[in-house]
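**Student:** First the structure, then my questions, so here it is.
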Amino acid sequence: MSPAEQVAEQSALAAVAEVLSCPECDRGLASAAGTLRCAHGHSFDIARQGYVSLLTGAATKATGDTAAMLDARAAFQGAGYFEPVADAIATAATTGYDPDAPEILADIGAGTGYYLARVLDAFPAARGIGLDIAKPAGRRCARVHPRAAAVVADAWRGLPIRDRTLTAVLSVFAPRNPAAVSRILAPGGRYIVVTPTVAHLAELIEPIGMVTVDPEKDRRLAAALDGRFVRAEHRTIEYPMTLPRADIANLVAMGPSAHHADSAGERIARLPESVEVTASVTVGTYLPT
């Protein structure tokens, strides 16, 4: 990474430091000389790759995506297959807001930062935080967009973000912590939750042995958000994708099926040269109660 790139990534973190909080004492953080520091002297170095780790204490039991999984996901996203989903997320996050307002938003479980970058493109004055537990994700998020800051943290330990400071929070195919999200959203803020439907990638489940979508997923999501959020909007985005074998391999390798489909390579080789596969997700907008 060039010195100019390092300066740009540190600037992205400095631009959101006002809403970050110290994981040791919950005090606010400020940027100074390549670190984030609180008033009590707790200091967190900004890594050479541009992210800051706010993981503290005992090792977390949570596991994030590996570098190989993120490489596969970046390749698949880069081919444009999920652009309609990204566009729907950007619309949900920005509708009703002044695009020139200096809002701050976060993507929890940001992975490659693909969806966060799309929202920032649609929100020219906004700043973004890509938060993920995996350091490889932190490295990617740090360079995905000039206004995206990358933070490595465990959402289940409590988000290192100050109360009522964010305009929007994204959760795209990621675990959710509604209690923490309701705390950090500003009045009028929105929680954008994206989940797959049972039709998502259904054509590949049997031939490859991909992980299936729980048919109770919507019910469990509603139960988890009940009492903290009300649903303001709910859209289903569904369309066909024609996938060659190489992109099917990336699709398998980028998600939870990467941990289960040991024989996926052999199965993919037996598929036709290309397969029509359904993309089907729900994009829900939720408001704090």
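Following the order of the structure tokens, chains are lettered A, B, ..., residues in each are numbered from 1, and ligands are numbered from 1.
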For the contact check between region 108-180 of chain A and region 207-224 of chain A, emit one row per residue of region 108-180 of chain A within 9 Å, containing the shortest atom pair and the distance in Å rounded to one decimal, counting only C-alpha atoms, chain then rising number order, as JSON lines.

**Tutor:**
```
{"residue": "A:Arg176", "atom": "CA", "partner": "A:Ala224", "partner_atom": "CA", "distance": 8.8}
{"residue": "A:Asn177", "atom": "CA", "partner": "A:Ala224", "partner_atom": "CA", "distance": 8.7}
{"residue": "A:Pro178", "atom": "CA", "partner": "A:Ala224", "partner_atom": "CA", "distance": 7.1}
```

**Student:** Among region 114-261 of chain A, which residues does DSSP mark as alpha helix (DSSP H) when it is run on the backbone? Keep the chain and numbering as in the structure and answer as a ChimeraX atom specification.

**Tutor:** /A:114-122,135-141,178-184,202-204,217-225,245-254

**Student:** In Å, with one decimal, what is the gap from CA of Ala153 (chain A) to CA of Ala39 (chain A)?

**Tutor:**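 Between CA of Ala153 (chain A) and CA of Ala39 (chain A) the gap works out to 20.2 Å.
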
**Student:** Please provide the set of residues having any atom within 12 Å of Val151 (chain A), restricted to only C-alpha atoms, with same-chain residues fewer than 6 positions apart removed, written as an NGL selection string.

**Tutor:** :A and (9-10 or 12-14 or 16-17 or 20-21 or 23 or 36 or 44-47 or 49-55 or 106-111 or 113 or 128-142 or 159-161)

**Student:** For Arg147 (chain A), find every residue with an atom within 10 Å (counting only C-alpha atoms), except residues of its own chain fewer than 2 positions away, and show them as a list in words.

**Tutor:**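 Near neighbours after the sequence-gap exclusion: Ala8, Glu9, Ser11, Ala12, Leu13, Ala15, Val16, Ile104, Leu116, Ala117, Leu120, Asp121, Pro124, Ala125, Ala126, Arg127, Gly128, Ile129, Ala142, Arg143, Val144, His145, Ala149 and Ala150 of chain A.
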
**Student:** Smallest atom-to-atom distance to His200 (chain A): which of A:Ser182, A:Thr282, A:Thr165, A:Asn250, using only C-alpha atoms?

**Tutor:**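 Nearest to His200 (chain A): A:Thr282.
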
**Student:** Which is closest to Ser280 (chain A) among A:Glu266, A:Asp26, A:Glu203, A:Glu18, if we use only C-alpha atoms?

**Tutor:**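 The shortest atom-to-atom distance to Ser280 (chain A) comes from A:Glu203.
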
**Student:** Nearest to Val152 (chain A): which of A:Gly64, A:Val181, A:Glu24, A:Gly41 is it, counting only C-alpha atoms?

**Tutor:**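 Looking at the shortest contact to Val152 (chain A), the residue is A:Gly64.
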
**Student:** Just the number, please: distance in Å from CA of Arg235 (chain A) to CA of Val169 (chain A), one decimal.

**Tutor:**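 Answer for the CA of Arg235 (chain A) to CA of Val169 (chain A) separation: 17.2 Å.
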
**Student:** Could you write out, as a PyMOL selection string, all the residues of region 35-202 of chain A that DSSP marks as strand (DSSP E)?

**Tutor:** chain A and resi 35-38+43-45+52-53+104-108+127-132+148-152+166-172+185-196

**Student:** Tell me, as a PyMOL selection string, which residues lie within 12 Å of Phe82 (chain A), counting only C-alpha atoms; anything in the same chain fewer than 3 positions away does not count.

**Tutor:** chain A and resi 73-79+85-89+114-115+118+172+200+237-241+251+278-281

**Student:** My list of candidates is A:Val252, A:Ala93, A:Ala155, A:Leu185. Which is closest to Glu233 (chain A) when distances are computed with only C-alpha atoms?

**Tutor:**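 Smallest separation from Glu233 (chain A) among the options: A:Ala93.
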